[in-house]
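S.K.: Structure provided below as structure tokens; questions to follow.
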Amino acid sequence: MGGCMAMHVAYRNHQDVAGVFALSSFLNKASAVYQALQKRDGALPELFQCHGTADELVLHSWGQETNSALRALGVSTKFHSFPGLFHELSTGELEKLRAWVLAKLPGEMERPKE
């Protein structure tokens, strides 16, 4: 439920964050997030979402529906599908997330050496 909570906190109360990520997450169709975004003013944080196509706990289609609904309300989104991935993390998913987070950091911050 971490991704759901992150979307609620950012889009309802802290729209000043650089971005929001949600892994294998969704919002229900009557979510208060959608209602808050209909009344929003100003820029919104970008959403980075990843979801496994074989997820049986949180269906892939639920993640896609959430992404589409948020995009329709003005949120810039990135949605990455991972074929055959269940409700779990993968190296590829974490690598994409890491790259996205590093790109969001202010330019003057020193990047860790690999």
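Residues in the structure tokens are numbered from 1 in each chain, the chains being A, B, ... in the order shown, and ligands are numbered from 1 in the order shown.
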May I have the residues within 12 Å of range 101-107 of chain A as a ChimeraX atom specification, using only C-alpha atoms and disregarding those fewer than 4 positions away in the same chain?
M.R.: /A:17-21,45-48,94-97,111-112
S.K.: Keeping only N, CA, C and O atoms, take the residues you just selected and write them out as a compact mmCIF listing (two decimals), in the first residue's frame.
M.R.:
# COMPACT_ATOMS: atom_id res chain seq x y z
N VAL A 17 6.53 18.21 -4.06
CA VAL A 17 7.61 17.23 -4.18
C VAL A 17 8.00 17.08 -5.65
O VAL A 17 7.23 17.40 -6.57
N ALA A 18 9.22 16.59 -5.89
CA ALA A 18 9.73 16.48 -7.26
C ALA A 18 9.06 15.35 -8.04
O ALA A 18 9.00 15.40 -9.26
N GLY A 19 8.59 14.33 -7.35
CA GLY A 19 7.98 13.21 -8.04
C GLY A 19 7.44 12.19 -7.06
O GLY A 19 7.71 12.24 -5.86
N VAL A 20 6.66 11.27 -7.60
CA VAL A 20 6.04 10.21 -6.82
C VAL A 20 6.28 8.90 -7.56
O VAL A 20 6.15 8.85 -8.77
N PHE A 21 6.64 7.84 -6.81
CA PHE A 21 6.73 6.54 -7.47
C PHE A 21 5.81 5.55 -6.77
O PHE A 21 5.58 5.62 -5.58
N PRO A 45 3.50 16.95 -9.25
CA PRO A 45 4.67 16.08 -9.36
C PRO A 45 4.43 14.96 -10.37
O PRO A 45 3.32 14.46 -10.52
N GLU A 46 5.49 14.60 -11.06
CA GLU A 46 5.43 13.50 -12.02
C GLU A 46 5.23 12.17 -11.29
O GLU A 46 5.73 11.99 -10.19
N LEU A 47 4.52 11.26 -11.93
CA LEU A 47 4.30 9.92 -11.38
C LEU A 47 5.09 8.90 -12.18
O LEU A 47 5.00 8.85 -13.40
N PHE A 48 5.87 8.08 -11.48
CA PHE A 48 6.61 6.97 -12.05
C PHE A 48 5.97 5.71 -11.52
O PHE A 48 5.92 5.49 -10.31
N LEU A 94 13.90 -1.92 -10.48
CA LEU A 94 14.69 -1.09 -9.57
C LEU A 94 15.70 -0.23 -10.31
O LEU A 94 15.97 0.90 -9.90
N GLU A 95 16.25 -0.73 -11.41
CA GLU A 95 17.19 0.06 -12.21
C GLU A 95 16.48 1.26 -12.84
O GLU A 95 17.02 2.37 -12.85
N LYS A 96 15.28 1.05 -13.37
CA LYS A 96 14.51 2.16 -13.95
C LYS A 96 14.15 3.18 -12.87
O LYS A 96 14.24 4.39 -13.10
N LEU A 97 13.75 2.70 -11.70
CA LEU A 97 13.41 3.59 -10.60
C LEU A 97 14.62 4.40 -10.16
O LEU A 97 14.53 5.62 -9.97
N ARG A 111 26.52 12.84 -7.40
CA ARG A 111 26.00 11.51 -7.67
C ARG A 111 27.00 10.48 -7.11
O ARG A 111 28.21 10.65 -7.21
N PRO A 112 26.48 9.40 -6.51
CA PRO A 112 27.38 8.36 -6.01
C PRO A 112 28.13 7.70 -7.15
O PRO A 112 27.59 7.53 -8.24
S.K.: Env of range 68-84 of chain A: 8 Å cut, atoms = only C-alpha atoms, seq-sep filter 3 positions within chain, self excluded. Answer as a ChimeraX atom specification.
M.R.: /A:34,37-38,44-54,64-65,93
S.K.: How would the residues just chosen look if you wrote them out with all heavy atoms as a short mmCIF file (atom, residue, chain, number, x, y, z; two decimals), in the first residue's frame?
M.R.:
data_model
loop_
_atom_site.label_atom_id
_atom_site.label_comp_id
_atom_site.auth_asym_id
_atom_site.auth_seq_id
_atom_site.Cartn_x
_atom_site.Cartn_y
_atom_site.Cartn_z
N TYR A 34 -8.41 11.76 -6.90
CA TYR A 34 -9.02 12.28 -8.12
C TYR A 34 -9.83 13.54 -7.82
O TYR A 34 -9.78 14.51 -8.57
CB TYR A 34 -9.91 11.23 -8.78
CG TYR A 34 -9.21 9.93 -9.13
CD1 TYR A 34 -9.82 8.70 -8.92
CD2 TYR A 34 -7.92 9.92 -9.67
CE1 TYR A 34 -9.20 7.51 -9.24
CE2 TYR A 34 -7.29 8.73 -9.99
CZ TYR A 34 -7.93 7.53 -9.77
OH TYR A 34 -7.30 6.36 -10.09
N LEU A 37 -7.46 16.48 -7.21
CA LEU A 37 -6.82 16.96 -8.43
C LEU A 37 -7.77 17.76 -9.31
O LEU A 37 -7.34 18.63 -10.07
CB LEU A 37 -6.21 15.80 -9.21
CG LEU A 37 -4.97 15.17 -8.56
CD1 LEU A 37 -4.50 13.97 -9.37
CD2 LEU A 37 -3.85 16.19 -8.41
N GLN A 38 -9.06 17.51 -9.21
CA GLN A 38 -10.02 18.29 -9.97
C GLN A 38 -10.07 19.74 -9.50
O GLN A 38 -10.41 20.63 -10.26
CB GLN A 38 -11.42 17.65 -9.87
CG GLN A 38 -11.52 16.35 -10.64
CD GLN A 38 -12.83 15.62 -10.39
OE1 GLN A 38 -13.59 15.94 -9.50
NE2 GLN A 38 -13.07 14.59 -11.20
N LEU A 44 2.02 19.81 -10.88
CA LEU A 44 1.88 18.56 -10.13
C LEU A 44 3.15 17.73 -10.28
O LEU A 44 3.80 17.76 -11.32
CB LEU A 44 0.70 17.75 -10.69
CG LEU A 44 -0.68 18.39 -10.54
CD1 LEU A 44 -1.70 17.65 -11.38
CD2 LEU A 44 -1.07 18.40 -9.06
N PRO A 45 3.50 16.95 -9.25
CA PRO A 45 4.67 16.08 -9.36
C PRO A 45 4.43 14.96 -10.37
O PRO A 45 3.32 14.46 -10.52
CB PRO A 45 4.85 15.51 -7.96
CG PRO A 45 3.61 15.83 -7.20
CD PRO A 45 2.87 16.89 -7.93
N GLU A 46 5.49 14.60 -11.06
CA GLU A 46 5.43 13.50 -12.02
C GLU A 46 5.23 12.17 -11.29
O GLU A 46 5.73 11.99 -10.19
CB GLU A 46 6.73 13.45 -12.82
CG GLU A 46 6.77 12.35 -13.85
CD GLU A 46 8.07 12.29 -14.62
OE1 GLU A 46 9.13 12.56 -14.02
OE2 GLU A 46 8.02 11.96 -15.81
N LEU A 47 4.52 11.26 -11.93
CA LEU A 47 4.30 9.92 -11.38
C LEU A 47 5.09 8.90 -12.18
O LEU A 47 5.00 8.85 -13.40
CB LEU A 47 2.81 9.56 -11.43
CG LEU A 47 2.46 8.12 -11.03
CD1 LEU A 47 2.80 7.87 -9.55
CD2 LEU A 47 0.99 7.83 -11.30
N PHE A 48 5.87 8.08 -11.48
CA PHE A 48 6.61 6.97 -12.05
C PHE A 48 5.97 5.71 -11.52
O PHE A 48 5.92 5.49 -10.31
CB PHE A 48 8.09 7.04 -11.61
CG PHE A 48 8.93 5.90 -12.08
CD1 PHE A 48 9.63 5.98 -13.27
CD2 PHE A 48 9.02 4.74 -11.33
CE1 PHE A 48 10.42 4.92 -13.70
CE2 PHE A 48 9.80 3.67 -11.75
CZ PHE A 48 10.50 3.77 -12.95
N GLN A 49 5.46 4.87 -12.43
CA GLN A 49 4.77 3.65 -12.03
C GLN A 49 5.36 2.45 -12.74
O GLN A 49 5.67 2.52 -13.93
CB GLN A 49 3.29 3.75 -12.42
CG GLN A 49 2.34 3.82 -11.26
CD GLN A 49 0.90 3.87 -11.75
OE1 GLN A 49 0.55 4.68 -12.60
NE2 GLN A 49 0.08 3.01 -11.20
N CYS A 50 5.50 1.35 -12.03
CA CYS A 50 5.90 0.06 -12.59
C CYS A 50 4.89 -0.98 -12.14
O CYS A 50 4.39 -0.91 -11.01
CB CYS A 50 7.29 -0.36 -12.10
SG CYS A 50 8.64 0.68 -12.66
N HIS A 51 4.65 -1.95 -13.03
CA HIS A 51 3.67 -2.99 -12.67
C HIS A 51 3.96 -4.25 -13.46
O HIS A 51 4.19 -4.19 -14.67
CB HIS A 51 2.25 -2.50 -12.99
CG HIS A 51 1.23 -3.01 -12.04
ND1 HIS A 51 0.54 -2.19 -11.19
CD2 HIS A 51 0.78 -4.26 -11.80
CE1 HIS A 51 -0.30 -2.91 -10.47
NE2 HIS A 51 -0.17 -4.18 -10.82
N GLY A 52 3.92 -5.38 -12.78
CA GLY A 52 4.08 -6.67 -13.44
C GLY A 52 2.80 -7.11 -14.12
O GLY A 52 1.72 -6.97 -13.54
N THR A 53 2.93 -7.64 -15.31
CA THR A 53 1.72 -8.07 -16.05
C THR A 53 1.09 -9.32 -15.46
O THR A 53 -0.08 -9.60 -15.72
CB THR A 53 2.05 -8.32 -17.53
OG1 THR A 53 3.03 -9.36 -17.62
CG2 THR A 53 2.56 -7.06 -18.22
N ALA A 54 1.84 -10.07 -14.67
CA ALA A 54 1.31 -11.31 -14.06
C ALA A 54 0.89 -11.11 -12.60
O ALA A 54 0.59 -12.08 -11.91
CB ALA A 54 2.36 -12.42 -14.15
N GLN A 64 -2.80 0.43 -14.66
CA GLN A 64 -2.98 1.18 -15.91
C GLN A 64 -4.14 2.17 -15.80
O GLN A 64 -4.03 3.31 -16.25
CB GLN A 64 -3.23 0.23 -17.07
CG GLN A 64 -2.02 -0.53 -17.52
CD GLN A 64 -2.35 -1.49 -18.65
OE1 GLN A 64 -3.32 -2.25 -18.59
NE2 GLN A 64 -1.54 -1.45 -19.70
N GLU A 65 -5.25 1.73 -15.21
CA GLU A 65 -6.41 2.61 -15.04
C GLU A 65 -6.07 3.80 -14.15
O GLU A 65 -6.47 4.94 -14.44
CB GLU A 65 -7.59 1.83 -14.45
CG GLU A 65 -8.21 0.85 -15.41
CD GLU A 65 -9.18 -0.12 -14.74
OE1 GLU A 65 -9.55 0.09 -13.56
OE2 GLU A 65 -9.57 -1.09 -15.41
N GLU A 93 13.15 -3.30 -12.81
CA GLU A 93 12.25 -2.31 -12.23
C GLU A 93 13.04 -1.35 -11.33
O GLU A 93 12.90 -0.13 -11.43
CB GLU A 93 11.18 -3.05 -11.43
CG GLU A 93 10.07 -2.22 -10.87
CD GLU A 93 9.05 -3.08 -10.15
OE1 GLU A 93 9.41 -4.11 -9.53
OE2 GLU A 93 7.87 -2.72 -10.22
#
S.K.: Would you give me, as a VMD selection string, the residues in range 29-111 of chain A that DSSP reads as strand (DSSP E)?
M.R.: chain A and resid 46 to 52 77 to 82
S.K.: Between CA of Ser31 in chain A and CA of Ala99 in chain A, measure the distance and give it in Å to one decimal.
M.R.: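 CA of Ala99 in chain A lies 29.1 Å from CA of Ser31 in chain A.
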S.K.: Give me the residues within 12 Å of Asn13 in chain A as a list in words, counting only C-alpha atoms and dropping any in the same chain fewer than 6 places off.
M.R.: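 Selected residues are Met5, Ala6, Met7, Ala32, Val33, Ala36, Leu37, Arg40, Leu44 and Pro45 of chain A.
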S.K.: If you run DSSP on the backbone, which residues of chain A are helix (DSSP H, G or I), as a JSON list (two decimals) with N, CA and C atoms, in the first residue's frame?
M.R.:
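Written file, result.json:
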[["chain", "number", "residue", "atom", "x", "y", "z"],
["A", 2, "GLY", "N", 2.17, 1.10, -0.08],
["A", 2, "GLY", "CA", 3.05, 2.26, -0.05],
["A", 2, "GLY", "C", 2.84, 3.20, -1.22],
["A", 3, "GLY", "N", 2.64, 2.67, -2.42],
["A", 3, "GLY", "CA", 2.43, 3.51, -3.59],
["A", 3, "GLY", "C", 1.13, 4.29, -3.49],
["A", 4, "CYS", "N", 0.09, 3.63, -3.01],
["A", 4, "CYS", "CA", -1.20, 4.29, -2.82],
["A", 4, "CYS", "C", -1.06, 5.45, -1.83],
["A", 5, "MET", "N", -0.37, 5.18, -0.72],
["A", 5, "MET", "CA", -0.18, 6.23, 0.28],
["A", 5, "MET", "C", 0.65, 7.39, -0.29],
["A", 6, "ALA", "N", 1.68, 7.06, -1.06],
["A", 6, "ALA", "CA", 2.51, 8.11, -1.66],
["A", 6, "ALA", "C", 1.68, 9.00, -2.58],
["A", 7, "MET", "N", 0.81, 8.40, -3.37],
["A", 7, "MET", "CA", -0.04, 9.20, -4.26],
["A", 7, "MET", "C", -1.00, 10.07, -3.46],
["A", 8, "HIS", "N", -1.57, 9.54, -2.39],
["A", 8, "HIS", "CA", -2.47, 10.33, -1.55],
["A", 8, "HIS", "C", -1.73, 11.51, -0.93],
["A", 9, "VAL", "N", -0.58, 11.25, -0.33],
["A", 9, "VAL", "CA", 0.16, 12.33, 0.35],
["A", 9, "VAL", "C", 0.59, 13.40, -0.65],
["A", 10, "ALA", "N", 1.17, 12.99, -1.77],
["A", 10, "ALA", "CA", 1.70, 13.96, -2.73],
["A", 10, "ALA", "C", 0.60, 14.74, -3.44],
["A", 11, "TYR", "N", -0.38, 14.06, -3.98],
["A", 11, "TYR", "CA", -1.38, 14.75, -4.81],
["A", 11, "TYR", "C", -2.47, 15.44, -4.01],
["A", 12, "ARG", "N", -2.61, 15.10, -2.74],
["A", 12, "ARG", "CA", -3.62, 15.78, -1.92],
["A", 12, "ARG", "C", -3.01, 16.84, -1.02],
["A", 13, "ASN", "N", -1.76, 16.62, -0.54],
["A", 13, "ASN", "CA", -1.22, 17.51, 0.48],
["A", 13, "ASN", "C", 0.15, 18.12, 0.19],
["A", 32, "ALA", "N", -10.15, 9.79, -3.28],
["A", 32, "ALA", "CA", -10.11, 11.21, -2.91],
["A", 32, "ALA", "C", -9.01, 11.94, -3.67],
["A", 33, "VAL", "N", -8.02, 11.21, -4.16],
["A", 33, "VAL", "CA", -6.94, 11.83, -4.95],
["A", 33, "VAL", "C", -7.54, 12.45, -6.21],
["A", 34, "TYR", "N", -8.41, 11.76, -6.90],
["A", 34, "TYR", "CA", -9.02, 12.28, -8.12],
["A", 34, "TYR", "C", -9.83, 13.54, -7.82],
["A", 35, "GLN", "N", -10.56, 13.51, -6.72],
["A", 35, "GLN", "CA", -11.36, 14.67, -6.33],
["A", 35, "GLN", "C", -10.46, 15.88, -6.04],
["A", 36, "ALA", "N", -9.36, 15.65, -5.33],
["A", 36, "ALA", "CA", -8.43, 16.73, -5.00],
["A", 36, "ALA", "C", -7.80, 17.32, -6.26],
["A", 37, "LEU", "N", -7.46, 16.48, -7.21],
["A", 37, "LEU", "CA", -6.82, 16.96, -8.43],
["A", 37, "LEU", "C", -7.77, 17.76, -9.31],
["A", 38, "GLN", "N", -9.06, 17.51, -9.21],
["A", 38, "GLN", "CA", -10.02, 18.29, -9.97],
["A", 38, "GLN", "C", -10.07, 19.74, -9.50],
["A", 60, "HIS", "N", -2.61, -5.71, -13.09],
["A", 60, "HIS", "CA", -1.92, -4.79, -13.98],
["A", 60, "HIS", "C", -2.90, -3.75, -14.53],
["A", 61, "SER", "N", -4.08, -4.18, -14.89],
["A", 61, "SER", "CA", -5.09, -3.25, -15.44],
["A", 61, "SER", "C", -5.48, -2.18, -14.43],
["A", 62, "TRP", "N", -5.46, -2.49, -13.13],
["A", 62, "TRP", "CA", -5.77, -1.49, -12.11],
["A", 62, "TRP", "C", -4.71, -0.40, -12.10],
["A", 63, "GLY", "N", -3.45, -0.80, -12.23],
["A", 63, "GLY", "CA", -2.36, 0.17, -12.29],
["A", 63, "GLY", "C", -2.48, 1.04, -13.53],
["A", 64, "GLN", "N", -2.80, 0.43, -14.66],
["A", 64, "GLN", "CA", -2.98, 1.18, -15.91],
["A", 64, "GLN", "C", -4.14, 2.17, -15.80],
["A", 65, "GLU", "N", -5.25, 1.73, -15.21],
["A", 65, "GLU", "CA", -6.41, 2.61, -15.04],
["A", 65, "GLU", "C", -6.07, 3.80, -14.15],
["A", 66, "THR", "N", -5.33, 3.56, -13.08],
["A", 66, "THR", "CA", -4.91, 4.64, -12.19],
["A", 66, "THR", "C", -4.04, 5.63, -12.96],
["A", 67, "ASN", "N", -3.09, 5.11, -13.72],
["A", 67, "ASN", "CA", -2.19, 5.95, -14.49],
["A", 67, "ASN", "C", -2.97, 6.80, -15.49],
["A", 68, "SER", "N", -3.90, 6.20, -16.20],
["A", 68, "SER", "CA", -4.70, 6.92, -17.20],
["A", 68, "SER", "C", -5.56, 8.00, -16.54],
["A", 69, "ALA", "N", -6.16, 7.68, -15.40],
["A", 69, "ALA", "CA", -7.01, 8.65, -14.70],
["A", 69, "ALA", "C", -6.18, 9.85, -14.22],
["A", 70, "LEU", "N", -4.99, 9.58, -13.68],
["A", 70, "LEU", "CA", -4.15, 10.67, -13.21],
["A", 70, "LEU", "C", -3.65, 11.53, -14.38],
["A", 71, "ARG", "N", -3.30, 10.88, -15.47],
["A", 71, "ARG", "CA", -2.86, 11.62, -16.67],
["A", 71, "ARG", "C", -3.98, 12.53, -17.16],
["A", 72, "ALA", "N", -5.21, 12.03, -17.15],
["A", 72, "ALA", "CA", -6.37, 12.82, -17.59],
["A", 72, "ALA", "C", -6.60, 14.03, -16.68],
["A", 91, "THR", "N", 15.04, -6.63, -10.75],
["A", 91, "THR", "CA", 16.23, -5.81, -10.96],
["A", 91, "THR", "C", 15.95, -4.73, -11.99],
["A", 92, "GLY", "N", 15.30, -5.08, -13.09],
["A", 92, "GLY", "CA", 15.00, -4.10, -14.13],
["A", 92, "GLY", "C", 14.13, -2.96, -13.63],
["A", 93, "GLU", "N", 13.15, -3.30, -12.81],
["A", 93, "GLU", "CA", 12.25, -2.31, -12.23],
["A", 93, "GLU", "C", 13.04, -1.35, -11.33],
["A", 94, "LEU", "N", 13.90, -1.92, -10.48],
["A", 94, "LEU", "CA", 14.69, -1.09, -9.57],
["A", 94, "LEU", "C", 15.70, -0.23, -10.31],
["A", 95, "GLU", "N", 16.25, -0.73, -11.41],
["A", 95, "GLU", "CA", 17.19, 0.06, -12.21],
["A", 95, "GLU", "C", 16.48, 1.26, -12.84],
["A", 96, "LYS", "N", 15.28, 1.05, -13.37],
["A", 96, "LYS", "CA", 14.51, 2.16, -13.95],
["A", 96, "LYS", "C", 14.15, 3.18, -12.87],
["A", 97, "LEU", "N", 13.75, 2.70, -11.70],
["A", 97, "LEU", "CA", 13.41, 3.59, -10.60],
["A", 97, "LEU", "C", 14.62, 4.40, -10.16],
["A", 98, "ARG", "N", 15.76, 3.75, -10.03],
["A", 98, "ARG", "CA", 16.98, 4.43, -9.62],
["A", 98, "ARG", "C", 17.34, 5.55, -10.60],
["A", 99, "ALA", "N", 17.29, 5.26, -11.89],
["A", 99, "ALA", "CA", 17.60, 6.26, -12.91],
["A", 99, "ALA", "C", 16.63, 7.44, -12.82],
["A", 100, "TRP", "N", 15.35, 7.16, -12.59],
["A", 100, "TRP", "CA", 14.34, 8.21, -12.49],
["A", 100, "TRP", "C", 14.60, 9.09, -11.27],
["A", 101, "VAL", "N", 14.90, 8.46, -10.12],
["A", 101, "VAL", "CA", 15.18, 9.23, -8.90],
["A", 101, "VAL", "C", 16.42, 10.11, -9.10],
["A", 102, "LEU", "N", 17.48, 9.54, -9.66],
["A", 102, "LEU", "CA", 18.70, 10.32, -9.87],
["A", 102, "LEU", "C", 18.46, 11.50, -10.81],
["A", 103, "ALA", "N", 17.61, 11.33, -11.80],
["A", 103, "ALA", "CA", 17.30, 12.42, -12.72],
["A", 103, "ALA", "C", 16.49, 13.52, -12.02],
["A", 104, "LYS", "N", 15.77, 13.17, -10.96],
["A", 104, "LYS", "CA", 14.96, 14.14, -10.22],
["A", 104, "LYS", "C", 15.78, 14.96, -9.23]]
S.K.: Restricting the calculation to only C-alpha atoms: of A:His87, A:Gln15, A:Ser25, A:Val58, which residue gets closest to Gly42 in chain A?
M.R.: A:Gln15
